[in-house]
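Undergrad: The structure that follows is given in the form of structure tokens.
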Amino acid sequence: MTYILFIIIGIIAGWLGSIIVKGKGQGLLINMIVGIIGAFIGGSILDLLNINMPGFFGVLVASTLGAVLLIWLIGLIRR
């Protein structure tokens, strides 16, 4: 059940990340996949920094930060 929730949060984070980066998104499906990967990246980065963001909104913020970072990096590579 935790993984399903993590995937759902990742999908939401990918959508939010594409809105935040404005136009750097790669389409809805790719942004969802990027959001799921970004959720892992955001969680890992905050873990390394010893920052604990509990609860649904904490995980959503961490996932969105990871998605924004990943969408930004993909935008740099595609240039």
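We name chains A, B, ... following the order of the structure tokens; residues begin at 1 in each chain, and ligands are numbered from 1 as shown.
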Neighbouring residues of A:Val61 were defined as those with any atom within 12 Å, considering only C-alpha atoms; residues of the same chain fewer than 3 positions away were excluded. Please report them as a list in words.

TA: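 Here the qualifying residues turn out to be Ile9, Gly10, Ile12, Ala13, Gly14, Leu16, Gly17, Gly35, Gly38, Ala39, Ile41, Gly42, Gly43, Leu46, Ile51, Asn52, Met53, Pro54, Gly55, Phe56, Phe57, Gly58, Thr64, Leu65, Gly66, Ala67 and Val68 of chain A.
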
Undergrad: Take the residues just selected and output them with N, CA and C atoms as a PDB file, in the first residue's frame.

TA:
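Once everything was written out, this is selection.pdb:
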ATOM      1  N   ILE A   9       1.650   9.997  -5.223  1.00  0.00           N
ATOM      2  CA  ILE A   9       2.282  11.269  -4.860  1.00  0.00           C
ATOM      3  C   ILE A   9       3.287  11.670  -5.929  1.00  0.00           C
ATOM      4  N   GLY A  10       4.010  10.715  -6.480  1.00  0.00           N
ATOM      5  CA  GLY A  10       4.958  11.009  -7.544  1.00  0.00           C
ATOM      6  C   GLY A  10       4.286  11.554  -8.784  1.00  0.00           C
ATOM      7  N   ILE A  12       1.433  13.223  -8.877  1.00  0.00           N
ATOM      8  CA  ILE A  12       1.022  14.598  -8.544  1.00  0.00           C
ATOM      9  C   ILE A  12       2.241  15.521  -8.572  1.00  0.00           C
ATOM     10  N   ALA A  13       3.371  15.046  -8.045  1.00  0.00           N
ATOM     11  CA  ALA A  13       4.595  15.854  -8.025  1.00  0.00           C
ATOM     12  C   ALA A  13       5.086  16.145  -9.436  1.00  0.00           C
ATOM     13  N   GLY A  14       4.983  15.184 -10.335  1.00  0.00           N
ATOM     14  CA  GLY A  14       5.387  15.415 -11.721  1.00  0.00           C
ATOM     15  C   GLY A  14       4.537  16.471 -12.387  1.00  0.00           C
ATOM     16  N   LEU A  16       2.877  18.892 -10.778  1.00  0.00           N
ATOM     17  CA  LEU A  16       3.224  20.173 -10.155  1.00  0.00           C
ATOM     18  C   LEU A  16       4.581  20.667 -10.646  1.00  0.00           C
ATOM     19  N   GLY A  17       5.528  19.750 -10.790  1.00  0.00           N
ATOM     20  CA  GLY A  17       6.850  20.127 -11.277  1.00  0.00           C
ATOM     21  C   GLY A  17       6.803  20.723 -12.670  1.00  0.00           C
ATOM     22  N   GLY A  35       7.941  12.508 -12.272  1.00  0.00           N
ATOM     23  CA  GLY A  35       7.480  12.768 -10.910  1.00  0.00           C
ATOM     24  C   GLY A  35       7.734  11.594  -9.980  1.00  0.00           C
ATOM     25  N   GLY A  38      11.388  11.549  -9.510  1.00  0.00           N
ATOM     26  CA  GLY A  38      11.692  12.720  -8.689  1.00  0.00           C
ATOM     27  C   GLY A  38      11.321  12.521  -7.227  1.00  0.00           C
ATOM     28  N   ALA A  39      10.282  11.738  -6.984  1.00  0.00           N
ATOM     29  CA  ALA A  39       9.900  11.440  -5.606  1.00  0.00           C
ATOM     30  C   ALA A  39      11.019  10.690  -4.898  1.00  0.00           C
ATOM     31  N   ILE A  41      14.213  10.799  -5.816  1.00  0.00           N
ATOM     32  CA  ILE A  41      15.343  11.720  -5.739  1.00  0.00           C
ATOM     33  C   ILE A  41      15.148  12.728  -4.602  1.00  0.00           C
ATOM     34  N   GLY A  42      13.968  13.341  -4.545  1.00  0.00           N
ATOM     35  CA  GLY A  42      13.688  14.321  -3.494  1.00  0.00           C
ATOM     36  C   GLY A  42      13.780  13.721  -2.103  1.00  0.00           C
ATOM     37  N   GLY A  43      13.229  12.527  -1.946  1.00  0.00           N
ATOM     38  CA  GLY A  43      13.308  11.850  -0.653  1.00  0.00           C
ATOM     39  C   GLY A  43      14.736  11.520  -0.275  1.00  0.00           C
ATOM     40  N   LEU A  46      16.667  14.823   0.704  1.00  0.00           N
ATOM     41  CA  LEU A  46      16.292  15.301   2.040  1.00  0.00           C
ATOM     42  C   LEU A  46      16.791  14.349   3.124  1.00  0.00           C
ATOM     43  N   ILE A  51      16.818  16.103   6.729  1.00  0.00           N
ATOM     44  CA  ILE A  51      15.593  16.897   6.818  1.00  0.00           C
ATOM     45  C   ILE A  51      14.419  15.938   6.797  1.00  0.00           C
ATOM     46  N   ASN A  52      13.590  16.005   7.814  1.00  0.00           N
ATOM     47  CA  ASN A  52      12.442  15.115   7.922  1.00  0.00           C
ATOM     48  C   ASN A  52      11.169  15.903   7.643  1.00  0.00           C
ATOM     49  N   MET A  53      10.451  15.475   6.610  1.00  0.00           N
ATOM     50  CA  MET A  53       9.192  16.129   6.249  1.00  0.00           C
ATOM     51  C   MET A  53       8.086  15.083   6.339  1.00  0.00           C
ATOM     52  N   PRO A  54       7.513  14.910   7.519  1.00  0.00           N
ATOM     53  CA  PRO A  54       6.518  13.846   7.696  1.00  0.00           C
ATOM     54  C   PRO A  54       5.154  14.212   7.113  1.00  0.00           C
ATOM     55  N   GLY A  55       4.348  13.215   6.921  1.00  0.00           N
ATOM     56  CA  GLY A  55       2.981  13.420   6.472  1.00  0.00           C
ATOM     57  C   GLY A  55       2.875  13.520   4.968  1.00  0.00           C
ATOM     58  N   PHE A  56       1.640  13.552   4.513  1.00  0.00           N
ATOM     59  CA  PHE A  56       1.353  13.589   3.080  1.00  0.00           C
ATOM     60  C   PHE A  56       1.951  14.818   2.413  1.00  0.00           C
ATOM     61  N   PHE A  57       1.749  15.989   3.002  1.00  0.00           N
ATOM     62  CA  PHE A  57       2.220  17.218   2.378  1.00  0.00           C
ATOM     63  C   PHE A  57       3.739  17.336   2.420  1.00  0.00           C
ATOM     64  N   GLY A  58       4.370  16.806   3.442  1.00  0.00           N
ATOM     65  CA  GLY A  58       5.828  16.788   3.496  1.00  0.00           C
ATOM     66  C   GLY A  58       6.415  15.941   2.390  1.00  0.00           C
ATOM     67  N   THR A  64       7.938  16.927  -5.117  1.00  0.00           N
ATOM     68  CA  THR A  64       7.854  18.014  -6.088  1.00  0.00           C
ATOM     69  C   THR A  64       9.224  18.646  -6.297  1.00  0.00           C
ATOM     70  N   LEU A  65       9.995  18.816  -5.236  1.00  0.00           N
ATOM     71  CA  LEU A  65      11.346  19.355  -5.370  1.00  0.00           C
ATOM     72  C   LEU A  65      12.207  18.441  -6.235  1.00  0.00           C
ATOM     73  N   GLY A  66      12.101  17.145  -6.013  1.00  0.00           N
ATOM     74  CA  GLY A  66      12.845  16.192  -6.831  1.00  0.00           C
ATOM     75  C   GLY A  66      12.404  16.219  -8.282  1.00  0.00           C
ATOM     76  N   ALA A  67      11.104  16.336  -8.520  1.00  0.00           N
ATOM     77  CA  ALA A  67      10.577  16.387  -9.889  1.00  0.00           C
ATOM     78  C   ALA A  67      11.023  17.661 -10.597  1.00  0.00           C
ATOM     79  N   VAL A  68      10.983  18.789  -9.895  1.00  0.00           N
ATOM     80  CA  VAL A  68      11.431  20.056 -10.479  1.00  0.00           C
ATOM     81  C   VAL A  68      12.903  19.949 -10.865  1.00  0.00           C
TER      82      VAL A  68
END

Undergrad: Which of stretch 8-49 of chain A counts as alpha helix (DSSP H) under DSSP, as a ChimeraX atom specification please?

TA: /A:8-21,28-48

Undergrad: Taking only C-alpha atoms into account, which of A:Leu29, A:Ile4, A:Ile37, A:Val21 comes nearest A:Gly75?

TA: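 Closest candidate: A:Val21.
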
Undergrad: Between atom CA of A:Ile36 and atom CA of A:Ile7, measure the distance and give it in Å to one decimal.

TA: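 Distance between the two atoms: 5.8 Å.
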
Undergrad: For the atom pair atom CA of A:Tyr3 and atom CA of A:Met32, what is the interatomic distance in Å to one decimal place?

TA: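 Separation of atom CA of A:Tyr3 and atom CA of A:Met32: 15.0 Å.
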